[in-house]
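Next comes coords-v4.cif, with mmCIF, C-alpha atoms.
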```cif
data_data
#
loop_
_atom_site.group_PDB
_atom_site.id
_atom_site.type_symbol
_atom_site.label_atom_id
_atom_site.label_comp_id
_atom_site.auth_asym_id
_atom_site.auth_seq_id
_atom_site.Cartn_x
_atom_site.Cartn_y
_atom_site.Cartn_z
ATOM 1 C CA MET A 1 26.189 7.956 -12.408
ATOM 2 C CA VAL A 2 23.271 7.018 -10.124
ATOM 3 C CA SER A 3 23.243 8.754 -6.738
ATOM 4 C CA GLU A 4 23.610 6.300 -3.865
ATOM 5 C CA LEU A 5 21.657 6.333 -0.603
ATOM 6 C CA GLU A 6 23.162 6.038 2.873
ATOM 7 C CA PHE A 7 21.925 2.494 3.527
ATOM 8 C CA GLU A 8 23.581 1.388 0.269
ATOM 9 C CA ARG A 9 27.084 2.259 1.578
ATOM 10 C CA PRO A 10 28.220 -1.404 2.011
ATOM 11 C CA ILE A 11 27.256 -2.054 -1.622
ATOM 12 C CA ILE A 12 29.109 1.060 -2.807
ATOM 13 C CA GLU A 13 32.264 0.046 -0.964
ATOM 14 C CA LEU A 14 32.244 -3.472 -2.417
ATOM 15 C CA ARG A 15 31.645 -2.198 -5.944
ATOM 16 C CA SER A 16 34.512 0.249 -5.532
ATOM 17 C CA LYS A 17 36.842 -2.488 -4.277
ATOM 18 C CA ILE A 18 35.932 -4.782 -7.196
ATOM 19 C CA ALA A 19 36.551 -1.959 -9.685
ATOM 20 C CA GLU A 20 39.966 -1.245 -8.103
ATOM 21 C CA LEU A 21 41.024 -4.893 -8.289
ATOM 22 C CA LYS A 22 39.915 -5.179 -11.925
ATOM 23 C CA GLU A 23 41.816 -2.031 -12.848
ATOM 24 C CA PHE A 24 44.929 -3.225 -10.971
ATOM 25 C CA ALA A 25 44.768 -6.662 -12.596
ATOM 26 C CA THR A 26 44.484 -5.093 -16.070
ATOM 27 C CA SER A 27 47.346 -2.649 -15.566
ATOM 28 C CA THR A 28 49.782 -5.137 -13.979
ATOM 29 C CA ASP A 29 48.812 -8.451 -15.637
ATOM 30 C CA VAL A 30 48.390 -9.989 -12.165
ATOM 31 C CA ASP A 31 45.748 -12.723 -11.930
ATOM 32 C CA LEU A 32 43.234 -11.602 -9.306
ATOM 33 C CA SER A 33 40.249 -13.499 -10.737
ATOM 34 C CA SER A 34 39.666 -15.628 -7.621
ATOM 35 C CA GLU A 35 39.677 -12.569 -5.301
ATOM 36 C CA ILE A 36 37.359 -10.689 -7.666
ATOM 37 C CA GLU A 37 35.009 -13.651 -7.876
ATOM 38 C CA LYS A 38 34.827 -13.883 -4.082
ATOM 39 C CA LEU A 39 34.038 -10.183 -3.795
ATOM 40 C CA GLU A 40 31.373 -10.412 -6.511
ATOM 41 C CA LYS A 41 29.678 -13.282 -4.663
ATOM 42 C CA ARG A 42 29.835 -11.276 -1.464
ATOM 43 C CA LEU A 43 28.394 -8.252 -3.273
ATOM 44 C CA GLU A 44 25.508 -10.347 -4.559
ATOM 45 C CA LYS A 45 24.758 -11.563 -1.020
ATOM 46 C CA VAL A 46 24.981 -8.065 0.479
ATOM 47 C CA GLN A 47 22.662 -6.676 -2.210
ATOM 48 C CA LYS A 48 20.122 -9.410 -1.520
ATOM 49 C CA ASP A 49 20.317 -8.880 2.248
ATOM 50 C CA ILE A 50 19.813 -5.109 1.915
ATOM 51 C CA TYR A 51 17.246 -4.896 -0.883
ATOM 52 C CA ASP A 52 15.160 -7.846 0.310
ATOM 53 C CA HIS A 53 14.829 -6.382 3.815
ATOM 54 C CA LEU A 54 14.207 -2.693 3.225
ATOM 55 C CA SER A 55 12.737 -0.770 6.146
ATOM 56 C CA PRO A 56 9.842 1.663 5.628
ATOM 57 C CA TRP A 57 12.316 4.566 5.929
ATOM 58 C CA ASN A 58 14.554 2.989 3.269
ATOM 59 C CA ARG A 59 11.546 2.838 0.945
ATOM 60 C CA VAL A 60 10.743 6.493 1.679
ATOM 61 C CA GLN A 61 14.300 7.383 0.659
ATOM 62 C CA ILE A 62 14.018 5.405 -2.586
ATOM 63 C CA ALA A 63 10.615 6.976 -3.368
ATOM 64 C CA ARG A 64 12.274 10.401 -3.036
ATOM 65 C CA HIS A 65 15.363 9.547 -5.066
ATOM 66 C CA PRO A 66 16.174 12.511 -7.345
ATOM 67 C CA GLU A 67 16.629 10.196 -10.340
ATOM 68 C CA ARG A 68 13.451 8.190 -9.790
ATOM 69 C CA PRO A 69 11.441 7.873 -13.038
ATOM 70 C CA THR A 70 8.718 10.477 -13.530
ATOM 71 C CA THR A 71 5.378 10.425 -15.330
ATOM 72 C CA LEU A 72 6.953 11.611 -18.608
ATOM 73 C CA ASP A 73 9.634 8.895 -18.340
ATOM 74 C CA TYR A 74 6.918 6.247 -18.253
ATOM 75 C CA ILE A 75 4.747 7.903 -20.900
ATOM 76 C CA SER A 76 7.605 7.844 -23.406
ATOM 77 C CA ARG A 77 8.195 4.128 -22.782
ATOM 78 C CA LEU A 78 4.662 2.791 -22.319
ATOM 79 C CA PHE A 79 2.548 4.741 -24.792
ATOM 80 C CA THR A 80 2.628 5.809 -28.413
ATOM 81 C CA ASN A 81 1.300 8.912 -30.178
ATOM 82 C CA PHE A 82 1.198 10.931 -26.963
ATOM 83 C CA LEU A 83 -0.350 14.359 -27.489
ATOM 84 C CA GLU A 84 0.014 16.601 -24.451
ATOM 85 C CA CYS A 85 -2.863 18.943 -23.638
ATOM 86 C CA HIS A 86 -2.445 22.192 -21.731
ATOM 87 C CA GLY A 87 -4.522 24.527 -19.597
ATOM 88 C CA ASP A 88 -7.640 24.328 -17.442
ATOM 89 C CA ARG A 89 -9.694 26.812 -19.521
ATOM 90 C CA TYR A 90 -10.084 28.959 -16.389
ATOM 91 C CA TYR A 91 -6.713 30.303 -15.290
ATOM 92 C CA GLY A 92 -3.652 28.758 -16.916
ATOM 93 C CA ASP A 93 -1.449 25.739 -17.441
ATOM 94 C CA ASP A 94 0.106 24.049 -14.414
ATOM 95 C CA GLU A 95 3.259 22.163 -15.390
ATOM 96 C CA ALA A 96 3.217 20.170 -12.143
ATOM 97 C CA ILE A 97 0.558 17.997 -13.813
ATOM 98 C CA VAL A 98 0.948 16.683 -17.351
ATOM 99 C CA GLY A 99 -1.736 14.961 -19.361
ATOM 100 C CA GLY A 100 -2.979 14.136 -22.795
ATOM 101 C CA ILE A 101 -4.132 11.529 -25.264
ATOM 102 C CA ALA A 102 -2.081 8.465 -26.207
ATOM 103 C CA LYS A 103 -2.348 4.875 -27.368
ATOM 104 C CA PHE A 104 -1.589 1.749 -25.375
ATOM 105 C CA TYR A 105 -1.268 -1.287 -27.645
ATOM 106 C CA GLY A 106 -3.422 0.614 -30.135
ATOM 107 C CA LEU A 107 -6.113 1.447 -27.562
ATOM 108 C CA PRO A 108 -6.800 5.206 -27.193
ATOM 109 C CA VAL A 109 -6.331 6.267 -23.560
ATOM 110 C CA THR A 110 -6.043 9.454 -21.533
ATOM 111 C CA VAL A 111 -2.854 9.671 -19.456
ATOM 112 C CA ILE A 112 -2.467 12.123 -16.558
ATOM 113 C CA GLY A 113 0.200 12.415 -13.888
ATOM 114 C CA HIS A 114 2.136 14.566 -11.469
ATOM 115 C CA GLN A 115 5.439 15.749 -12.927
ATOM 116 C CA ARG A 116 8.480 16.835 -10.949
ATOM 117 C CA GLY A 117 11.855 17.881 -12.291
ATOM 118 C CA LYS A 118 15.191 16.101 -12.501
ATOM 119 C CA ASP A 119 17.286 19.190 -11.720
ATOM 120 C CA THR A 120 16.856 22.537 -9.973
ATOM 121 C CA LYS A 121 15.785 24.458 -13.075
ATOM 122 C CA GLU A 122 13.141 21.918 -14.068
ATOM 123 C CA ASN A 123 11.945 21.506 -10.478
ATOM 124 C CA ILE A 124 11.287 25.231 -10.288
ATOM 125 C CA ARG A 125 9.384 25.087 -13.584
ATOM 126 C CA ARG A 126 7.369 22.099 -12.353
ATOM 127 C CA ASN A 127 6.935 23.607 -8.858
ATOM 128 C CA PHE A 128 8.648 20.487 -7.450
ATOM 129 C CA GLY A 129 5.676 18.378 -8.552
ATOM 130 C CA MET A 130 3.239 20.233 -6.257
ATOM 131 C CA PRO A 131 0.176 21.250 -8.306
ATOM 132 C CA HIS A 132 -1.845 24.446 -8.108
ATOM 133 C CA PRO A 133 -5.664 24.337 -8.490
ATOM 134 C CA GLU A 134 -5.378 24.798 -12.258
ATOM 135 C CA GLY A 135 -3.417 21.545 -12.404
ATOM 136 C CA TYR A 136 -6.296 19.592 -10.897
ATOM 137 C CA ARG A 137 -8.801 21.436 -13.077
ATOM 138 C CA LYS A 138 -6.734 20.566 -16.149
ATOM 139 C CA ALA A 139 -6.727 16.931 -15.040
ATOM 140 C CA LEU A 140 -10.506 16.966 -14.564
ATOM 141 C CA ARG A 141 -11.025 18.591 -17.970
ATOM 142 C CA LEU A 142 -9.067 15.744 -19.567
ATOM 143 C CA MET A 143 -10.961 13.126 -17.556
ATOM 144 C CA LYS A 144 -14.334 14.499 -18.639
ATOM 145 C CA GLN A 145 -13.089 14.533 -22.221
ATOM 146 C CA ALA A 146 -12.015 10.894 -21.813
ATOM 147 C CA GLU A 147 -15.483 9.993 -20.542
ATOM 148 C CA LYS A 148 -17.112 11.754 -23.512
ATOM 149 C CA PHE A 149 -15.102 9.684 -25.995
ATOM 150 C CA GLY A 150 -15.035 6.440 -23.994
ATOM 151 C CA ARG A 151 -11.284 6.399 -23.316
ATOM 152 C CA PRO A 152 -9.828 4.635 -20.225
ATOM 153 C CA ILE A 153 -7.923 6.931 -17.859
ATOM 154 C CA ILE A 154 -4.478 6.129 -16.449
ATOM 155 C CA CYS A 155 -3.165 8.328 -13.621
ATOM 156 C CA PHE A 156 0.419 8.396 -12.342
ATOM 157 C CA ILE A 157 0.714 9.695 -8.774
ATOM 158 C CA ASP A 158 3.976 11.286 -7.617
ATOM 159 C CA THR A 159 3.770 14.367 -5.406
ATOM 160 C CA LYS A 160 4.682 15.512 -1.920
ATOM 161 C CA GLY A 161 1.270 17.183 -1.890
ATOM 162 C CA ALA A 162 -0.726 19.977 -3.469
ATOM 163 C CA TYR A 163 0.985 23.376 -3.319
ATOM 164 C CA PRO A 164 0.078 25.027 0.025
ATOM 165 C CA GLY A 165 0.890 28.614 -0.940
ATOM 166 C CA LYS A 166 -1.318 31.670 -0.682
ATOM 167 C CA ALA A 167 -1.960 31.936 -4.431
ATOM 168 C CA ALA A 168 -3.148 28.328 -4.595
ATOM 169 C CA GLU A 169 -5.552 28.870 -1.700
ATOM 170 C CA GLU A 170 -6.874 32.067 -3.283
ATOM 171 C CA ARG A 171 -7.653 30.162 -6.480
ATOM 172 C CA GLY A 172 -9.515 27.383 -4.653
ATOM 173 C CA GLN A 173 -7.061 24.572 -3.985
ATOM 174 C CA SER A 174 -9.293 22.557 -1.658
ATOM 175 C CA GLU A 175 -12.344 22.988 -3.894
ATOM 176 C CA ALA A 176 -10.409 21.821 -6.955
ATOM 177 C CA ILE A 177 -9.227 18.643 -5.208
ATOM 178 C CA ALA A 178 -12.662 17.972 -3.690
ATOM 179 C CA LYS A 179 -14.314 18.324 -7.088
ATOM 180 C CA ASN A 180 -11.848 15.854 -8.603
ATOM 181 C CA LEU A 181 -12.676 13.310 -5.888
ATOM 182 C CA PHE A 182 -16.396 13.783 -6.500
ATOM 183 C CA GLU A 183 -16.217 13.652 -10.288
ATOM 184 C CA MET A 184 -13.749 10.736 -10.490
ATOM 185 C CA ALA A 185 -16.035 8.651 -8.298
ATOM 186 C CA GLY A 186 -18.759 8.835 -10.945
ATOM 187 C CA LEU A 187 -16.858 8.674 -14.252
ATOM 188 C CA THR A 188 -18.187 5.916 -16.503
ATOM 189 C CA VAL A 189 -14.828 4.824 -17.981
ATOM 190 C CA PRO A 190 -12.107 2.626 -16.424
ATOM 191 C CA ILE A 191 -9.672 4.507 -14.161
ATOM 192 C CA ILE A 192 -6.288 3.011 -13.256
ATOM 193 C CA CYS A 193 -4.158 4.841 -10.678
ATOM 194 C CA ILE A 194 -0.495 3.999 -10.075
ATOM 195 C CA VAL A 195 1.652 5.509 -7.317
ATOM 196 C CA ILE A 196 5.135 5.765 -8.850
ATOM 197 C CA GLY A 197 6.929 7.774 -6.146
ATOM 198 C CA GLU A 198 5.521 9.777 -3.258
ATOM 199 C CA GLY A 199 1.772 9.802 -2.861
ATOM 200 C CA GLY A 200 1.325 12.711 -0.499
ATOM 201 C CA SER A 201 -1.905 13.913 1.090
ATOM 202 C CA GLY A 202 -4.812 15.419 -0.864
ATOM 203 C CA GLY A 203 -2.417 16.285 -3.657
ATOM 204 C CA ALA A 204 -2.193 12.583 -4.432
ATOM 205 C CA LEU A 205 -5.878 11.890 -3.823
ATOM 206 C CA GLY A 206 -6.781 14.472 -6.466
ATOM 207 C CA LEU A 207 -5.682 11.902 -9.072
ATOM 208 C CA GLY A 208 -6.253 8.804 -6.946
ATOM 209 C CA VAL A 209 -9.894 7.727 -7.150
ATOM 210 C CA GLY A 210 -9.930 4.757 -9.517
ATOM 211 C CA ASN A 211 -11.147 1.228 -10.151
ATOM 212 C CA HIS A 212 -7.647 -0.101 -9.578
ATOM 213 C CA LEU A 213 -4.966 1.446 -7.387
ATOM 214 C CA HIS A 214 -1.469 0.041 -7.854
ATOM 215 C CA MET A 215 1.805 1.035 -6.185
ATOM 216 C CA LEU A 216 5.404 0.545 -7.140
ATOM 217 C CA GLU A 217 7.191 -1.592 -4.577
ATOM 218 C CA ASN A 218 9.239 1.310 -3.179
ATOM 219 C CA SER A 219 6.641 4.064 -3.370
ATOM 220 C CA THR A 220 4.688 5.592 -0.481
ATOM 221 C CA TYR A 221 1.095 6.759 -0.028
ATOM 222 C CA SER A 222 0.026 8.720 3.036
ATOM 223 C CA VAL A 223 -2.041 11.588 4.391
ATOM 224 C CA ILE A 224 1.104 13.305 5.688
ATOM 225 C CA SER A 225 4.863 12.973 5.317
ATOM 226 C CA PRO A 226 6.877 11.158 8.008
ATOM 227 C CA GLU A 227 8.507 14.496 8.903
ATOM 228 C CA GLY A 228 5.093 16.164 9.257
ATOM 229 C CA ALA A 229 3.735 13.319 11.366
ATOM 230 C CA ALA A 230 6.789 13.386 13.629
ATOM 231 C CA ALA A 231 6.469 17.146 14.087
ATOM 232 C CA LEU A 232 2.791 16.777 15.061
ATOM 233 C CA LEU A 233 3.125 13.716 17.288
ATOM 234 C CA TRP A 234 6.458 14.308 18.986
ATOM 235 C CA LYS A 235 7.204 17.972 18.163
ATOM 236 C CA ASP A 236 10.385 16.800 16.442
ATOM 237 C CA ALA A 237 10.629 16.372 12.653
ATOM 238 C CA SER A 238 13.954 14.572 13.069
ATOM 239 C CA LEU A 239 11.985 11.529 14.282
ATOM 240 C CA ALA A 240 10.706 10.968 10.727
ATOM 241 C CA LYS A 241 12.296 7.516 10.593
ATOM 242 C CA LYS A 242 10.321 6.444 13.664
ATOM 243 C CA ALA A 243 7.138 7.879 12.159
ATOM 244 C CA ALA A 244 7.677 6.003 8.885
ATOM 245 C CA GLU A 245 7.943 2.731 10.809
ATOM 246 C CA THR A 246 4.512 3.220 12.410
ATOM 247 C CA MET A 247 2.465 4.957 9.696
ATOM 248 C CA LYS A 248 1.958 1.984 7.340
ATOM 249 C CA ILE A 249 2.654 4.064 4.238
ATOM 250 C CA THR A 250 4.577 1.559 2.097
ATOM 251 C CA ALA A 251 3.153 -0.540 -0.717
ATOM 252 C CA PRO A 252 3.374 -3.917 1.133
ATOM 253 C CA ASP A 253 1.600 -2.430 4.190
ATOM 254 C CA LEU A 254 -1.159 -0.839 2.121
ATOM 255 C CA LYS A 255 -1.662 -4.043 0.130
ATOM 256 C CA GLU A 256 -2.137 -5.898 3.407
ATOM 257 C CA LEU A 257 -4.651 -3.273 4.551
ATOM 258 C CA GLY A 258 -6.664 -3.736 1.348
ATOM 259 C CA ILE A 259 -6.094 -0.216 0.028
ATOM 260 C CA VAL A 260 -3.805 -1.195 -2.849
ATOM 261 C CA ASP A 261 -4.843 -3.719 -5.492
ATOM 262 C CA GLU A 262 -1.382 -4.735 -6.671
ATOM 263 C CA VAL A 263 2.224 -4.023 -5.742
ATOM 264 C CA VAL A 264 4.329 -3.528 -8.875
ATOM 265 C CA GLU A 265 7.712 -5.222 -8.671
ATOM 266 C CA GLU A 266 10.686 -2.871 -8.891
ATOM 267 C CA VAL A 267 14.135 -3.328 -10.315
ATOM 268 C CA LYS A 268 16.590 -4.405 -7.605
ATOM 269 C CA GLY A 269 17.653 -1.242 -5.811
ATOM 270 C CA GLY A 270 14.803 0.905 -7.126
ATOM 271 C CA ALA A 271 13.145 1.924 -10.399
ATOM 272 C CA HIS A 272 15.902 4.477 -11.111
ATOM 273 C CA ARG A 273 18.403 1.658 -11.622
ATOM 274 C CA ASN A 274 16.864 0.632 -14.944
ATOM 275 C CA ILE A 275 13.914 2.665 -16.202
ATOM 276 C CA ASP A 276 13.411 0.541 -19.335
ATOM 277 C CA GLU A 277 13.149 -2.655 -17.297
ATOM 278 C CA GLN A 278 10.842 -0.957 -14.811
ATOM 279 C CA ALA A 279 8.567 0.133 -17.637
ATOM 280 C CA ILE A 280 8.172 -3.529 -18.612
ATOM 281 C CA HIS A 281 6.866 -4.347 -15.119
ATOM 282 C CA MET A 282 4.478 -1.388 -15.348
ATOM 283 C CA GLU A 283 3.281 -2.430 -18.796
ATOM 284 C CA LYS A 284 2.141 -5.842 -17.548
ATOM 285 C CA VAL A 285 0.103 -4.348 -14.712
ATOM 286 C CA ILE A 286 -1.581 -1.733 -16.914
ATOM 287 C CA LYS A 287 -2.346 -4.322 -19.577
ATOM 288 C CA ASN A 288 -3.945 -6.705 -17.066
ATOM 289 C CA SER A 289 -6.035 -3.925 -15.527
ATOM 290 C CA LEU A 290 -7.287 -2.704 -18.900
ATOM 291 C CA GLN A 291 -8.176 -6.224 -19.993
ATOM 292 C CA GLU A 292 -10.267 -6.663 -16.863
ATOM 293 C CA LEU A 293 -11.907 -3.236 -16.712
ATOM 294 C CA THR A 294 -12.712 -2.622 -20.382
ATOM 295 C CA LYS A 295 -15.039 -5.654 -20.332
ATOM 296 C CA LEU A 296 -17.287 -4.106 -17.679
ATOM 297 C CA PRO A 297 -20.386 -2.018 -18.495
ATOM 298 C CA LYS A 298 -20.461 1.624 -17.368
ATOM 299 C CA GLU A 299 -22.799 1.051 -14.427
ATOM 300 C CA GLU A 300 -20.659 -1.779 -13.077
ATOM 301 C CA LEU A 301 -17.473 0.284 -13.348
ATOM 302 C CA VAL A 302 -18.985 2.992 -11.153
ATOM 303 C CA GLU A 303 -20.480 0.499 -8.697
ATOM 304 C CA LYS A 304 -17.213 -1.445 -8.306
ATOM 305 C CA ARG A 305 -15.339 1.806 -7.717
ATOM 306 C CA TYR A 306 -17.868 2.736 -5.024
ATOM 307 C CA GLN A 307 -17.585 -0.660 -3.344
ATOM 308 C CA LYS A 308 -13.784 -0.526 -3.469
ATOM 309 C CA TYR A 309 -13.651 2.608 -1.349
ATOM 310 C CA LYS A 310 -16.597 1.689 0.824
ATOM 311 C CA LYS A 311 -14.827 -1.377 2.211
ATOM 312 C CA ILE A 312 -11.599 0.463 3.138
ATOM 313 C CA GLY A 313 -11.091 0.910 6.878
ATOM 314 C CA GLN A 314 -13.011 -0.253 9.932
ATOM 315 C CA PHE A 315 -15.767 1.381 11.915
ATOM 316 C CA SER A 316 -18.060 0.715 14.863
ATOM 317 C CA SER A 317 -21.434 2.196 15.664
ATOM 318 C CA GLU A 318 -22.210 4.302 18.712
ATOM 319 C CA THR A 319 -24.179 1.415 20.223
ATOM 320 C CA ASP A 320 -21.151 -0.886 19.855
ATOM 321 C CA VAL A 321 -19.005 1.601 21.731
ATOM 322 C CA ILE A 322 -21.345 1.918 24.753
ATOM 323 C CA GLY A 323 -22.115 -1.796 24.844
ATOM 324 C CA ILE A 324 -25.776 -1.833 23.681
ATOM 325 C CA LYS A 325 -26.760 -4.992 21.798
#
```
This entry written out as structure tokens:
Amino acid sequence: MVSELEFERPIIELRSKIAELKEFATSTDVDLSSEIEKLEKRLEKVQKDIYDHLSPWNRVQIARHPERPTTLDYISRLFTNFLECHGDRYYGDDEAIVGGIAKFYGLPVTVIGHQRGKDTKENIRRNFGMPHPEGYRKALRLMKQAEKFGRPIICFIDTKGAYPGKAAEERGQSEAIAKNLFEMAGLTVPIICIVIGEGGSGGALGLGVGNHLHMLENSTYSVISPEGAAALLWKDASLAKKAAETMKITAPDLKELGIVDEVVEEVKGGAHRNIDEQAIHMEKVIKNSLQELTKLPKEELVEKRYQKYKKIGQFSSETDVIGIK
């Protein structure tokens, strides 16, 4: 049973009413087909009205859905011969990031991604998808290995952010993320990054420097959570909905701003509704990206990656500001 969100209440009520009528019709042999048909048409219209006009806050809620597909869900459906690798060769193995070697349509690739849990026990084991420094160092070790053997890299981004605890800071959290940004910028193999859930802060950026950056339709990507932004701006975290409306953190907004290369279509109602179907949408995007990027020479891959990030944002010089021509 898929957990429903608050804004989906009208859909839930209609589905419940249809189920009641069908059960009543079966148990009493009363013909209610016309009433059921009318309700099903109404349900279809309500679903379209709701899912085709999702607000930024609605998308935040879907991105955080407890049953939303994780990195391992996609790995099992998109790749073959996956061999998971463990450890950073410095401290230990961080289960908030998974990675290894696999094949995509017979092509050897390196797959890395944030991994959160589906229940309390697994979330504790995965640290709720918030990596420690050793997670980012493990990811970088696998990326450098991929470069050595000429394998494309595919990164799945899904984290609230890097773990902010004392132990993580003592082991060099900021340095580990910064080094990933630096090293990923210069890797000579194709890098494809896909935001599959929440893309939060530097924790997301630590796996986010690539030739192509794609986002699932109902995922988010931001420097801070809506709650954090609301607490900073208005001293009230309960204004998160208002913050989400203004932050431009959804896939359509970021595509318009030129940060995202492609928005990946989601199953109606969110990827958690049908993971197998969602994997098909993901497969097409990955396949197209690999076909484009594997044709490019090493130097061009690095240069295009540099140009991609160089053109993001707007700036003005000091002379522009003070009016000097």
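Nearest residue to Gly161 (chain A) among A:Leu72, A:Ile280, A:Leu205, A:Ala230 is A:Leu205, counting only C-alpha atoms.
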- Task: Could you expand the PyMOL selection byres ((chain A and resi 143) around 12) into the explicit residues it covers here, written as a PyMOL selection string?
- Result: chain A and resi 85+88+99-101+109-113+136-142+144-155+180-181+183-192+206-207+209-210
- Determine, counting all atoms listed in the file, which protein, DNA and RNA residues have an atom within 10 Å of an atom of Ser225 (chain A); residues of the same chain fewer than 3 positions away are not included. Present the result as number ranges by chain. A: 60, 160-161, 198-201, 220-222, 228-231, 237, 240, 243-244, 247, 249
- Message: I want to know what sits within 10 Å of region 195-197 of chain A, based on all atoms listed in the file, with residues of the same chain fewer than 5 positions away left out; could you give that as an MDAnalysis selection string?
- Response: chainID A and resid 59:60 62:65 68:71 74 113:114 155:160 204 207:208 213:221 251 260 263:264 271 282
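One finds CA of Ser289 (chain A) at 21.3 Å from CA of Thr250 (chain A).
Summary of the local environment: counting all atoms listed in the file, residues at most 10 Å from Glu40 (chain A), other than itself and those fewer than 4 positions away along its chain, are A:Leu14, A:Arg15, A:Lys17, A:Ile18, A:Ser34, A:Glu35, A:Ile36, A:Glu44, A:Lys45, A:Val46.
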- Note on the structure: Expressed in Å, the length from CA of Val302 (chain A) to CA of Asn211 (chain A) is 8.1 Å
- Query: Just so the selection is clear, what residues does the PyMOL selection byres ((chain A and resi 79) around 10) cover here, as a list of chain:residue names?
  - Reply: A:Tyr74, A:Ile75, A:Ser76, A:Arg77, A:Leu78, A:Thr80, A:Asn81, A:Phe82, A:Ile101, A:Ala102, A:Lys103, A:Phe104, A:Tyr105, A:Gly106, A:Leu107, A:Pro108, A:Val109, A:Val111, A:Glu283
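Between CA of Val285 (chain A) and CA of Gly129 (chain A) the separation is 24.2 Å.
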- Quick one: residues within 7 Å of Phe128 (chain A), all atoms listed in the file counted, chain neighbours fewer than 2 positions away excluded, as a VMD selection string? chain A and resid 116 to 117 123 to 124 126 130
If I wrap all listed atoms of region 196-208 of chain A in a box with edges along x, y and z and add 5 Å on each side, what are its centre and edge lengths in Å to one decimal, as AutoDock Vina command-line options?
```
--center_x 0.1 --center_y 11.0 --center_z -4.0 --size_x 23.7 --size_y 20.5 --size_z 20.2
```
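Among the candidates A:Ala19, A:Ile312, A:Leu54, A:Ile194, the one nearest to Glu37 (chain A) when counting only C-alpha atoms is A:Ala19.
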Could you name the residues that touch Glu8 (chain A) at 10 Å or less, counting all atoms listed in the file, but leaving out those on the same chain fewer than 3 positions away, as a short mmCIF file (atom, residue, chain, number, x, y, z; two decimals) with C-alpha atoms, keeping the file's coordinate frame?
```
data_model
loop_
_atom_site.label_atom_id
_atom_site.label_comp_id
_atom_site.auth_asym_id
_atom_site.auth_seq_id
_atom_site.Cartn_x
_atom_site.Cartn_y
_atom_site.Cartn_z
CA GLU A 4 23.61 6.30 -3.86
CA LEU A 5 21.66 6.33 -0.60
CA ILE A 11 27.26 -2.05 -1.62
CA ILE A 12 29.11 1.06 -2.81
CA GLU A 13 32.26 0.05 -0.96
CA VAL A 46 24.98 -8.06 0.48
CA GLN A 47 22.66 -6.68 -2.21
CA ILE A 50 19.81 -5.11 1.92
CA TYR A 51 17.25 -4.90 -0.88
CA ASN A 58 14.55 2.99 3.27
CA GLY A 269 17.65 -1.24 -5.81
#
```
- Could you write out as a PyMOL selection string the residues that the PyMOL selection byres ((chain A and resi 258) around 10) matches in the shown file? chain A and resi 253-257+259-262+308-309+311-313
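For the choices A:Glu134, A:Glu170, A:Asp276, A:Asp236, the atom-to-atom distance to Tyr91 (chain A) is smallest for A:Glu134 when using all atoms listed in the file.
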